[in-house]
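S.K.: Following this message is one structure expressed as structure tokens.
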Amino acid sequence: MIGYPKRMPTLWRWDGEDEKHITLIVQKTMSVQLLNPTAAYIYYCCDGEKTLDDIIELFLKKYNVEKGRITQDVKEFLNFLISIGAVCYEHNGHSVNKLT
Amino acid sequence: MLELMPDVFSPDFTVYRDDYEDFFTYIDELNQHNLLPKYFTAPVFILWEITSKCPLNCLYCYNNSPKKVDELTTEQLLQIAEEIGKLKVFAVCLSGGEPSARPDFFTIAERLLDLKIPTSTITNGWNIDSDKAKNYAKYFQSVQVSLDGPNAEIHDKVRRREGSFDRAVRAIKLFKESGIDRISVSFAATVHNIDSFPSVVELCQDLGVSSLRTQPLVIIGRAGINHQEVPTKEQFEKLREYIRNTKKEGQKGCLELEWGDPVSHIRTGLRLGFSLSMRITAEGFLSLTPYAPYIMGHVLKGGIQQGWEKGLRTGWLHPRVKEEMSKISSIYDIQYLDDKALSYVHL
């Protein structure tokens, strides 16, 4: 499935001593969330221009881990971001609630 | 992913959770895997006391308002707002004194709105009329009104001004009419009003407020001077039990009851090491929290960013803060800091 995960409009910033974490407001729950560096990078990649496969490729270059594992982890976290309304995922102009 | 503040707009520093031991275990696990930062680039939340002026003179006021201090000018406050925007602070609470006692109150609020900073405020309701209520609805995501009794007899005694109950209730009604969704009420428990809490719950239900919060009174400022007004540990325990039981029975209509624990805020700070929040006083001093009387900067000397970078962001690790704050296991231990609470320690 080709789709484009995209961050929902909200206040967010790079954070932490090395600015690799991200803090953001989740509008749906009106809470502030802290993302660890890996999660932050996934969130950052959700720019509406990269596909899910693009993001997985970026992680494959970054980490020496088997593709299936990375795909599963990225999808799982994206599903979480979608469920809390931090990211939306569009496929052929339709929003998708869950990546399978 | 770590939820830093369950409620971004919590207009005080209280941590509303019953499970903070579990929370600490979780923090330790994250630390073991190096998943937490050593500090944040800027505060997540700022309690901004824009004035020490107040038309009331409450028995327990933690910063002893009203009092005369060298308050910042409008231009200086606007400069702070700009910095808050630049630093991407996630939540600001305009507090006081009574924040609306400053003529430029809405000017500051408007600037924060323009900068897209989620802002809440606290009021005693004294100054609120219909036009002002509309402005509150325009600028604030939530408003907290102080209500210290179910009737004028009790409330006015605690707040030490006749008519303050009627004005607080009127303010809540005007805020409702203006369409503010999140109106919360805070109840400061003293020996005079602690037994009337259930009646305050009923009143809040009738008024249609979203949440009613209370906590053990922090014995600093005027509550330190009037310490005979502070309820006993048993009285607070009874109040906490009432809230627990009422919550178990199910929500009171749309009203959510919240019990805060000021000591858990201190314990969380000490455990995390890094700071999430900052307090700006009416004079412009920067500190960790109203509960710890240590000044770690001034807005006119390098601004928020410098105060944060030079000390506040890891302020809980400062040797003196750590040593003194570690001794606090209940609000009654905070009392020993009373003399310091009235004359801040500059670190």
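We label chains A, B, ... in the order they appear in the structure tokens, count residues from 1 in each chain, and number ligands from 1 in the order shown.
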Counting only C-alpha atoms, a student should be able to say which residues of chain A come within 9 Å of chain B; what is the right answer, written as a list in words?

M.R.: Leu11, Trp12, Arg13, Trp14, Asp15, Gly16, Glu17, Asp18, Glu19, Lys20, His21, Thr23, Leu24, Ile25, Thr29, Met30, Ser31, Val32, Gln33, Leu34, Leu35, Asn36, Pro37 and Ala39 of chain A

S.K.: Find the residues around A:Asp73 up to 12 Å (only C-alpha atoms counted), leave out those fewer than 2 positions away in its own chain, and share them as a list in words.

M.R.: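 Near A:Asp73, the qualifying residues are Thr38, Ala39, Ile42, Leu52, Ile55, Ile56, Phe59, Leu60, Val65, Glu66, Lys67, Gly68, Arg69, Ile70, Thr71, Lys75, Glu76, Phe77, Leu78, Asn79, Phe80, Leu99 and Thr100 of chain A.
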
S.K.: For the residues selected in the previous step, produce a file with C-alpha atoms as a PDB file, in the first residue's frame.

M.R.:
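This is the output file out_16.pdb:
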ATOM      1  CA  THR A  38      13.900   6.586  17.337  1.00  0.00           C
ATOM      2  CA  ALA A  39      10.236   7.461  17.770  1.00  0.00           C
ATOM      3  CA  ILE A  42       9.672   8.344  12.678  1.00  0.00           C
ATOM      4  CA  LEU A  52       5.851   4.290   4.442  1.00  0.00           C
ATOM      5  CA  ILE A  55      10.629   5.694   5.977  1.00  0.00           C
ATOM      6  CA  ILE A  56      11.396   1.988   6.272  1.00  0.00           C
ATOM      7  CA  PHE A  59      15.642   3.061   8.957  1.00  0.00           C
ATOM      8  CA  LEU A  60      17.247   0.188   7.089  1.00  0.00           C
ATOM      9  CA  VAL A  65      18.226  -4.814  11.520  1.00  0.00           C
ATOM     10  CA  GLU A  66      16.239  -7.202   9.370  1.00  0.00           C
ATOM     11  CA  LYS A  67      13.627  -5.501   7.120  1.00  0.00           C
ATOM     12  CA  GLY A  68      10.655  -7.440   8.461  1.00  0.00           C
ATOM     13  CA  ARG A  69      11.384  -6.353  11.989  1.00  0.00           C
ATOM     14  CA  ILE A  70      11.816  -2.699  11.016  1.00  0.00           C
ATOM     15  CA  THR A  71       8.629  -2.735   8.938  1.00  0.00           C
ATOM     16  CA  LYS A  75       4.008   0.290  11.295  1.00  0.00           C
ATOM     17  CA  GLU A  76       3.241  -0.388  14.937  1.00  0.00           C
ATOM     18  CA  PHE A  77       4.448   3.022  16.030  1.00  0.00           C
ATOM     19  CA  LEU A  78       2.720   4.773  13.122  1.00  0.00           C
ATOM     20  CA  ASN A  79      -0.511   3.058  14.097  1.00  0.00           C
ATOM     21  CA  PHE A  80      -0.047   4.406  17.593  1.00  0.00           C
ATOM     22  CA  LEU A  99      -1.803   0.147   8.686  1.00  0.00           C
ATOM     23  CA  THR A 100      -1.899  -3.579   8.163  1.00  0.00           C
TER      24      THR A 100
END

S.K.: Rounded to one decimal, what separation in Å do you get between atom CA of B:Asn127 and atom CA of B:Val209?

M.R.: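 Computing it gives 19.2 Å between the two atoms.
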
S.K.: Give me the stretch 166-218 of chain B side of the contact with stretch 143-157 of chain B, cut-off 10 Å, one line per residue showing its nearest atom pair and distance in Å at one decimal, counting only C-alpha atoms, sorted by chain and residue number, as CSV.

M.R.:
residue,atom,partner,partner_atom,distance
B:Asp166,CA,B:Ala152,CA,6.8
B:Arg167,CA,B:Ala152,CA,9.9
B:Ala168,CA,B:Leu147,CA,6.8
B:Val169,CA,B:Leu147,CA,8.1
B:Ala171,CA,B:Val145,CA,8.0
B:Ile172,CA,B:Val145,CA,7.2
B:Phe175,CA,B:Val143,CA,8.4
B:Ile180,CA,B:Val143,CA,7.9
B:Asp181,CA,B:Val143,CA,9.0
B:Arg182,CA,B:Val143,CA,6.6
B:Ile183,CA,B:Val143,CA,5.1
B:Ser184,CA,B:Gln144,CA,4.6
B:Val185,CA,B:Val145,CA,4.9
B:Ser186,CA,B:Ser146,CA,4.9
B:Phe187,CA,B:Asp148,CA,5.0
B:Ala188,CA,B:Asp148,CA,5.9
B:Ala189,CA,B:Asp148,CA,7.2
B:Thr190,CA,B:Asp148,CA,8.8
B:His192,CA,B:Ile154,CA,7.0
B:Asn193,CA,B:Gly149,CA,6.1
B:Ile194,CA,B:Gly149,CA,8.5
B:Asp195,CA,B:Gly149,CA,9.5
B:Ser196,CA,B:Gly149,CA,6.5
B:Phe197,CA,B:Gly149,CA,7.2
B:Pro198,CA,B:Pro150,CA,8.7
B:Ser199,CA,B:Pro150,CA,5.7
B:Val200,CA,B:Pro150,CA,4.7
B:Val201,CA,B:Pro150,CA,8.4
B:Glu202,CA,B:Pro150,CA,8.4
B:Leu203,CA,B:Pro150,CA,6.4
B:Cys204,CA,B:Pro150,CA,8.9
B:Val209,CA,B:Gln144,CA,9.6
B:Ser210,CA,B:Gln144,CA,9.9
B:Ser211,CA,B:Gln144,CA,9.1
B:Leu212,CA,B:Gln144,CA,9.2
B:Arg213,CA,B:Gln144,CA,9.7
B:Thr214,CA,B:Asp148,CA,9.9

S.K.: Those residues you just picked out, can you put them in a file as an mmCIF file, in the first residue's frame with C-alpha atoms?

M.R.:
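This went into selection.cif:
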data_model
loop_
_atom_site.group_PDB
_atom_site.id
_atom_site.type_symbol
_atom_site.label_atom_id
_atom_site.label_comp_id
_atom_site.auth_asym_id
_atom_site.auth_seq_id
_atom_site.Cartn_x
_atom_site.Cartn_y
_atom_site.Cartn_z
ATOM 1 C CA ASP B 166 -21.195 36.111 44.764
ATOM 2 C CA ARG B 167 -18.651 37.450 42.295
ATOM 3 C CA ALA B 168 -16.911 34.081 41.877
ATOM 4 C CA VAL B 169 -20.230 32.357 41.137
ATOM 5 C CA ALA B 171 -17.934 34.816 36.968
ATOM 6 C CA ILE B 172 -18.458 31.075 36.453
ATOM 7 C CA PHE B 175 -17.779 32.150 31.538
ATOM 8 C CA ILE B 180 -15.686 28.479 27.654
ATOM 9 C CA ASP B 181 -15.660 24.681 27.609
ATOM 10 C CA ARG B 182 -13.168 24.027 30.306
ATOM 11 C CA ILE B 183 -13.992 25.855 33.489
ATOM 12 C CA SER B 184 -12.354 24.320 36.485
ATOM 13 C CA VAL B 185 -12.764 25.209 40.115
ATOM 14 C CA SER B 186 -10.055 25.014 42.713
ATOM 15 C CA PHE B 187 -10.902 24.568 46.355
ATOM 16 C CA ALA B 188 -8.250 25.437 48.946
ATOM 17 C CA ALA B 189 -9.030 23.465 52.076
ATOM 18 C CA THR B 190 -8.610 25.216 55.414
ATOM 19 C CA HIS B 192 -12.958 26.710 58.024
ATOM 20 C CA ASN B 193 -14.172 25.033 54.860
ATOM 21 C CA ILE B 194 -12.814 21.498 54.575
ATOM 22 C CA ASP B 195 -16.064 19.899 55.794
ATOM 23 C CA SER B 196 -18.084 21.836 53.247
ATOM 24 C CA PHE B 197 -16.375 20.193 50.270
ATOM 25 C CA PRO B 198 -19.334 17.900 49.414
ATOM 26 C CA SER B 199 -21.579 20.961 49.193
ATOM 27 C CA VAL B 200 -19.030 22.621 46.889
ATOM 28 C CA VAL B 201 -19.222 19.509 44.701
ATOM 29 C CA GLU B 202 -22.990 19.971 44.454
ATOM 30 C CA LEU B 203 -22.629 23.657 43.676
ATOM 31 C CA CYS B 204 -20.082 22.930 40.929
ATOM 32 C CA VAL B 209 -18.039 23.307 35.685
ATOM 33 C CA SER B 210 -15.778 20.630 34.185
ATOM 34 C CA SER B 211 -13.534 19.836 37.112
ATOM 35 C CA LEU B 212 -13.123 20.517 40.794
ATOM 36 C CA ARG B 213 -9.667 20.112 42.222
ATOM 37 C CA THR B 214 -8.237 20.272 45.675
#

S.K.: Neighbours of B:Tyr294 within 7 Å (only C-alpha atoms; same-chain residues fewer than 3 positions away dropped), as a PyMOL selection string?

M.R.: chain B and resi 287+344-347

S.K.: Save out the residues we just selected, N, CA, C and O atoms, as a PDB file, in the first residue's frame.

M.R.:
ATOM      1  N   SER B 287      11.977  30.577  38.969  1.00  0.00           N
ATOM      2  CA  SER B 287      12.207  29.486  39.924  1.00  0.00           C
ATOM      3  C   SER B 287      11.581  28.206  39.406  1.00  0.00           C
ATOM      4  O   SER B 287      10.847  28.206  38.416  1.00  0.00           O
ATOM      5  N   TYR B 344      13.158  34.594  49.547  1.00  0.00           N
ATOM      6  CA  TYR B 344      13.683  33.583  48.643  1.00  0.00           C
ATOM      7  C   TYR B 344      15.205  33.475  48.700  1.00  0.00           C
ATOM      8  O   TYR B 344      15.900  34.448  48.952  1.00  0.00           O
ATOM      9  N   VAL B 345      15.680  32.285  48.443  1.00  0.00           N
ATOM     10  CA  VAL B 345      17.109  32.030  48.420  1.00  0.00           C
ATOM     11  C   VAL B 345      17.573  32.134  46.966  1.00  0.00           C
ATOM     12  O   VAL B 345      17.027  31.463  46.091  1.00  0.00           O
ATOM     13  N   HIS B 346      18.557  32.953  46.725  1.00  0.00           N
ATOM     14  CA  HIS B 346      19.089  33.078  45.362  1.00  0.00           C
ATOM     15  C   HIS B 346      20.221  32.087  45.172  1.00  0.00           C
ATOM     16  O   HIS B 346      21.202  32.118  45.902  1.00  0.00           O
ATOM     17  N   LEU B 347      20.069  31.209  44.214  1.00  0.00           N
ATOM     18  CA  LEU B 347      21.114  30.201  43.981  1.00  0.00           C
ATOM     19  C   LEU B 347      21.983  30.607  42.792  1.00  0.00           C
ATOM     20  O   LEU B 347      21.521  31.244  41.870  1.00  0.00           O
TER      21      LEU B 347
END

S.K.: Pick out the residues sitting within 6 Å of stretch 68-79 of chain B, and hand them over as a list in words; count only C-alpha atoms, and ignore anything fewer than 3 positions along from it in its own chain.

M.R.: Glu82, Ala282 and Glu283 of chain B

S.K.: Can you tell me how far atom CA of B:Ile50 sits from atom CA of B:Leu207, in Å to one decimal?

M.R.: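 Going from atom CA of B:Ile50 over to atom CA of B:Leu207, I get 28.3 Å.
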
S.K.: So that I can check the secondary structure, give me every residue of chain A assigned strand (DSSP E or B) by backbone DSSP, as a list in words.

M.R.: Tyr4, Pro5, Lys6, Arg7, Trp12, Arg13, Trp14, Asp15, His21, Ile22, Thr23, Leu24, Ile25, Val26, Ser31, Val32, Gln33, Leu34, Leu35, Asp47, Val87, Cys88, Tyr89, Glu90, His91, His94 and Ser95 of chain A

S.K.: If you run DSSP on the backbone, which residues of stretch 42-72 of chain A are helix (DSSP H, G or I), as a list in words?

M.R.: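 So the helix (DSSP H, G or I) residues in stretch 42-72 of chain A would be Ile42, Tyr43, Tyr44, Cys45, Leu52, Asp53, Asp54, Ile55, Ile56, Glu57, Leu58, Phe59, Leu60, Lys61, Lys62, Lys67, Gly68, Arg69, Ile70, Thr71 and Gln72 of chain A.
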
S.K.: Taking only C-alpha atoms into account, name the residue in A:Ile22, A:Cys88, A:Val74, A:Ala40 that is nearest to A:Asp54.

M.R.: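 Smallest separation from A:Asp54 among the options: A:Val74.
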
S.K.: Using only C-alpha atoms, which of B:Gln205, B:Gly302, B:Ile331, B:Leu288 sits nearest B:Gly260?

M.R.: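 With only C-alpha atoms as the atom set, the closest residue is B:Ile331.
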